[in-house]
Amino acid sequence: VLPDDQVKLALKIAHPNAADNEVRLGDHRILHMQPDLFHVETDSVESTKPDFRQCIPARPGAAPEATFDATTMLDALQAAAPFVGKSEAVRVVYNGSVQVQVDNDAGRFDYDVRGEHNGEKTVTLSFNQKYLGQMCATLRHSGDVQQLVGSTIEPQLFWGEDDRTRVIVMPMRL
C-alpha cells in the first residue's frame with residue numbers, strides 16, 4: 001500500500017509527459033520515482049481489503065420493499081432543491097406509497113412519487129439529497145427502482161429491475 005499523501009505528492013511533482021515513472025516493490029519497501037526529478041520511498045504495509053459483500057444488506061423474505069420510478073424520484077428531488085437547507089436532507093416516507101418531504105421555515109414540500117411500499121407500518125428515512133439523486137441517476141435506465149426498506153440506521157439497498165446494479169445509500173441521522 002502506497003500512502004495516499006505520497007501518491008498525491010508524486011503526481012504533483014511528476015512530469016505529465018514523461019514515460020519513465022517507476023514504481024518498484026521490494027521486500028519491505030515501495031519506491032516511486034521519476035529519474036532526476038523525485039524519489040519517494042516508504043515502508044510497505046501488509047493489509048487485506050475488507051470483503052465488500054459484507055456491506056450489502058441481506059434480503060430476508062419478510063423485509064419490506066418499495067418500488068418507484070427513478071425519473072419521478074429525480075424530478076421530486078429537483079423540485080425539492082429550493083426547500084433543502086444546509087443539511088441537504090430530504091425525508092422519504094414509505095406508507096403504502098412513496099413520498100419525498102422537506103420541512104423548512106417557509107413550510108413543507110411534499111411530493112408523491114407514486115411508488116409502492118409493501119410494509120405494514122409507515123417508515124420515514126432521511127437521505128442526503130445528492131446521494132439519493134446519484135442513486136436514481138445510476139438506476140434510471142434499469143426500469144423501476146426497488147428498495148429493501150430497513151431501519152433508520154441500516155444501509156438501504158436499491159436495485160433496478162434487471163438486478164445487475166445495486167446501490168447502497170446510508171440514511172442520515174438528524
# chains A, B, ... in the order shown; residues from 1 in each chain; ligands from 1
>>> residues_around(residues="A:Ser126", least_positions_apart="6", cutoff="8 Å", atoms="only C-alpha atoms", output="PyMOL selection string")
chain A and resi 89-92+152+171-174
>>> write_last_selection(atoms="all heavy atoms", output="PDB file, in the first residue's frame")
ATOM      1  N   ALA A  89     -30.809  17.412   3.606  1.00  0.00           N
ATOM      2  CA  ALA A  89     -31.617  16.239   3.919  1.00  0.00           C
ATOM      3  C   ALA A  89     -33.006  16.336   3.315  1.00  0.00           C
ATOM      4  O   ALA A  89     -33.631  17.391   3.322  1.00  0.00           O
ATOM      5  CB  ALA A  89     -31.732  16.065   5.426  1.00  0.00           C
ATOM      6  N   VAL A  90     -33.453  15.219   2.782  1.00  0.00           N
ATOM      7  CA  VAL A  90     -34.841  15.053   2.367  1.00  0.00           C
ATOM      8  C   VAL A  90     -35.364  13.810   3.080  1.00  0.00           C
ATOM      9  O   VAL A  90     -34.608  12.874   3.354  1.00  0.00           O
ATOM     10  CB  VAL A  90     -35.004  14.897   0.833  1.00  0.00           C
ATOM     11  CG1 VAL A  90     -34.570  16.144   0.111  1.00  0.00           C
ATOM     12  CG2 VAL A  90     -34.248  13.688   0.313  1.00  0.00           C
ATOM     13  N   ARG A  91     -36.636  13.828   3.406  1.00  0.00           N
ATOM     14  CA  ARG A  91     -37.260  12.659   4.013  1.00  0.00           C
ATOM     15  C   ARG A  91     -37.990  11.893   2.932  1.00  0.00           C
ATOM     16  O   ARG A  91     -38.665  12.475   2.090  1.00  0.00           O
ATOM     17  CB  ARG A  91     -38.249  13.075   5.099  1.00  0.00           C
ATOM     18  CG  ARG A  91     -37.613  13.379   6.412  1.00  0.00           C
ATOM     19  CD  ARG A  91     -38.622  13.486   7.535  1.00  0.00           C
ATOM     20  NE  ARG A  91     -39.855  14.177   7.200  1.00  0.00           N
ATOM     21  CZ  ARG A  91     -40.033  15.502   7.249  1.00  0.00           C
ATOM     22  NH1 ARG A  91     -39.036  16.274   7.607  1.00  0.00           N
ATOM     23  NH2 ARG A  91     -41.175  16.039   6.949  1.00  0.00           N
ATOM     24  N   VAL A  92     -37.875  10.591   3.003  1.00  0.00           N
ATOM     25  CA  VAL A  92     -38.669   9.723   2.140  1.00  0.00           C
ATOM     26  C   VAL A  92     -39.584   8.941   3.078  1.00  0.00           C
ATOM     27  O   VAL A  92     -39.125   8.279   4.013  1.00  0.00           O
ATOM     28  CB  VAL A  92     -37.797   8.782   1.294  1.00  0.00           C
ATOM     29  CG1 VAL A  92     -38.668   7.908   0.406  1.00  0.00           C
ATOM     30  CG2 VAL A  92     -36.809   9.584   0.439  1.00  0.00           C
ATOM     31  N   THR A 152     -33.731   3.113  10.263  1.00  0.00           N
ATOM     32  CA  THR A 152     -33.031   4.384  10.053  1.00  0.00           C
ATOM     33  C   THR A 152     -31.526   4.276  10.248  1.00  0.00           C
ATOM     34  O   THR A 152     -30.806   5.206   9.896  1.00  0.00           O
ATOM     35  CB  THR A 152     -33.564   5.454  11.026  1.00  0.00           C
ATOM     36  OG1 THR A 152     -33.378   4.989  12.363  1.00  0.00           O
ATOM     37  CG2 THR A 152     -35.021   5.743  10.777  1.00  0.00           C
ATOM     38  N   PRO A 171     -28.930   6.109   5.238  1.00  0.00           N
ATOM     39  CA  PRO A 171     -29.805   7.203   5.664  1.00  0.00           C
ATOM     40  C   PRO A 171     -29.035   8.134   6.601  1.00  0.00           C
ATOM     41  O   PRO A 171     -28.038   7.747   7.197  1.00  0.00           O
ATOM     42  CB  PRO A 171     -30.951   6.500   6.380  1.00  0.00           C
ATOM     43  CG  PRO A 171     -30.485   5.122   6.654  1.00  0.00           C
ATOM     44  CD  PRO A 171     -29.333   4.820   5.767  1.00  0.00           C
ATOM     45  N   MET A 172     -29.548   9.361   6.697  1.00  0.00           N
ATOM     46  CA  MET A 172     -28.945  10.351   7.587  1.00  0.00           C
ATOM     47  C   MET A 172     -29.629  10.300   8.943  1.00  0.00           C
ATOM     48  O   MET A 172     -30.824  10.053   9.022  1.00  0.00           O
ATOM     49  CB  MET A 172     -29.121  11.763   7.005  1.00  0.00           C
ATOM     50  CG  MET A 172     -28.400  11.986   5.708  1.00  0.00           C
ATOM     51  SD  MET A 172     -28.769  13.607   5.005  1.00  0.00           S
ATOM     52  CE  MET A 172     -27.988  14.696   6.181  1.00  0.00           C
ATOM     53  N   ARG A 173     -28.877  10.582   9.964  1.00  0.00           N
ATOM     54  CA  ARG A 173     -29.459  10.739  11.296  1.00  0.00           C
ATOM     55  C   ARG A 173     -29.576  12.226  11.553  1.00  0.00           C
ATOM     56  O   ARG A 173     -28.606  12.954  11.500  1.00  0.00           O
ATOM     57  CB  ARG A 173     -28.574  10.119  12.358  1.00  0.00           C
ATOM     58  CG  ARG A 173     -28.547   8.634  12.294  1.00  0.00           C
ATOM     59  CD  ARG A 173     -27.819   8.114  13.508  1.00  0.00           C
ATOM     60  NE  ARG A 173     -27.427   6.745  13.282  1.00  0.00           N
ATOM     61  CZ  ARG A 173     -26.836   6.021  14.196  1.00  0.00           C
ATOM     62  NH1 ARG A 173     -26.540   6.539  15.370  1.00  0.00           N
ATOM     63  NH2 ARG A 173     -26.518   4.794  13.947  1.00  0.00           N
ATOM     64  N   LEU A 174     -30.766  12.674  11.807  1.00  0.00           N
ATOM     65  CA  LEU A 174     -30.975  14.094  12.059  1.00  0.00           C
ATOM     66  C   LEU A 174     -31.326  14.354  13.504  1.00  0.00           C
ATOM     67  O   LEU A 174     -31.870  13.580  14.190  1.00  0.00           O
ATOM     68  CB  LEU A 174     -32.071  14.643  11.158  1.00  0.00           C
ATOM     69  CG  LEU A 174     -31.771  14.554   9.666  1.00  0.00           C
ATOM     70  CD1 LEU A 174     -32.975  15.050   8.870  1.00  0.00           C
ATOM     71  CD2 LEU A 174     -30.557  15.367   9.316  1.00  0.00           C
TER      72      LEU A 174
END
>>> residues_around(residues="stretch 94-96 of chain A", least_positions_apart="4", cutoff="12 Å", atoms="only C-alpha atoms", output="JSON, numbers by chain")
{"A": [64, 65, 66, 67, 68, 100, 101, 112, 113, 114, 115, 116, 117, 118, 119, 120, 121, 122, 123, 124, 125, 126, 147, 148, 149, 150, 151]}
>>> residues_around(residues="A:Glu161", least_positions_apart="2", cutoff="12 Å", atoms="only C-alpha atoms", output="ChimeraX atom specification")
/A:67-70,139-147,158-159,163-166
>>> write_last_selection(atoms="C-alpha atoms", output="PDB file, in the first residue's frame")
ATOM      1  CA  THR A  67     -40.753   0.293  -5.753  1.00  0.00           C
ATOM      2  CA  PHE A  68     -40.667   3.631  -7.555  1.00  0.00           C
ATOM      3  CA  ASP A  69     -39.699   5.207 -10.867  1.00  0.00           C
ATOM      4  CA  ALA A  70     -36.175   6.696 -10.699  1.00  0.00           C
ATOM      5  CA  LEU A 139     -30.519   3.185 -11.872  1.00  0.00           C
ATOM      6  CA  ARG A 140     -32.958   5.172 -14.036  1.00  0.00           C
ATOM      7  CA  HIS A 141     -32.250   3.101 -17.162  1.00  0.00           C
ATOM      8  CA  SER A 142     -32.899  -0.182 -15.335  1.00  0.00           C
ATOM      9  CA  GLY A 143     -36.677   0.126 -15.097  1.00  0.00           C
ATOM     10  CA  ASP A 144     -38.360   0.711 -11.773  1.00  0.00           C
ATOM     11  CA  VAL A 145     -36.098   1.014  -8.742  1.00  0.00           C
ATOM     12  CA  GLN A 146     -36.668  -1.428  -5.936  1.00  0.00           C
ATOM     13  CA  GLN A 147     -35.532  -0.834  -2.380  1.00  0.00           C
ATOM     14  CA  PHE A 158     -31.520  -0.163  -4.146  1.00  0.00           C
ATOM     15  CA  TRP A 159     -31.518  -2.096  -7.439  1.00  0.00           C
ATOM     16  CA  ASP A 163     -30.904  -6.681 -10.832  1.00  0.00           C
ATOM     17  CA  ARG A 164     -27.430  -6.153 -12.316  1.00  0.00           C
ATOM     18  CA  THR A 165     -26.570  -2.975 -10.425  1.00  0.00           C
ATOM     19  CA  ARG A 166     -27.029  -2.491  -6.708  1.00  0.00           C
TER      20      ARG A 166
END
>>> atom_distance(atom1="atom CA of A:Thr48", atom2="atom CA of A:Val167")
23.4 Å
>>> closest_residue(among="A:Thr42, A:Thr138, A:Gln54, A:Gln99", to="A:Leu77", atoms="only C-alpha atoms")
A:Gln99
>>> residues_around(residues="stretch 31-36 of chain A", least_positions_apart="4", cutoff="6 Å", atoms="only C-alpha atoms", output="list in words")
Asp20, Asn21, Glu22, Val23, Arg24, Val40 and Glu41 of chain A
>>> atom_distance(atom1="atom CA of A:Pro50", atom2="atom CA of A:Ile168")
16.2 Å
>>> closest_residue(among="A:Cys136, A:Arg108, A:Arg53, A:Lys86", to="A:Thr72", atoms="only C-alpha atoms")
A:Cys136
>>> select_by_dssp(residues="stretch 69-98 of chain A", states="strand (DSSP E)", output="ChimeraX atom specification")
/A:89-94,98
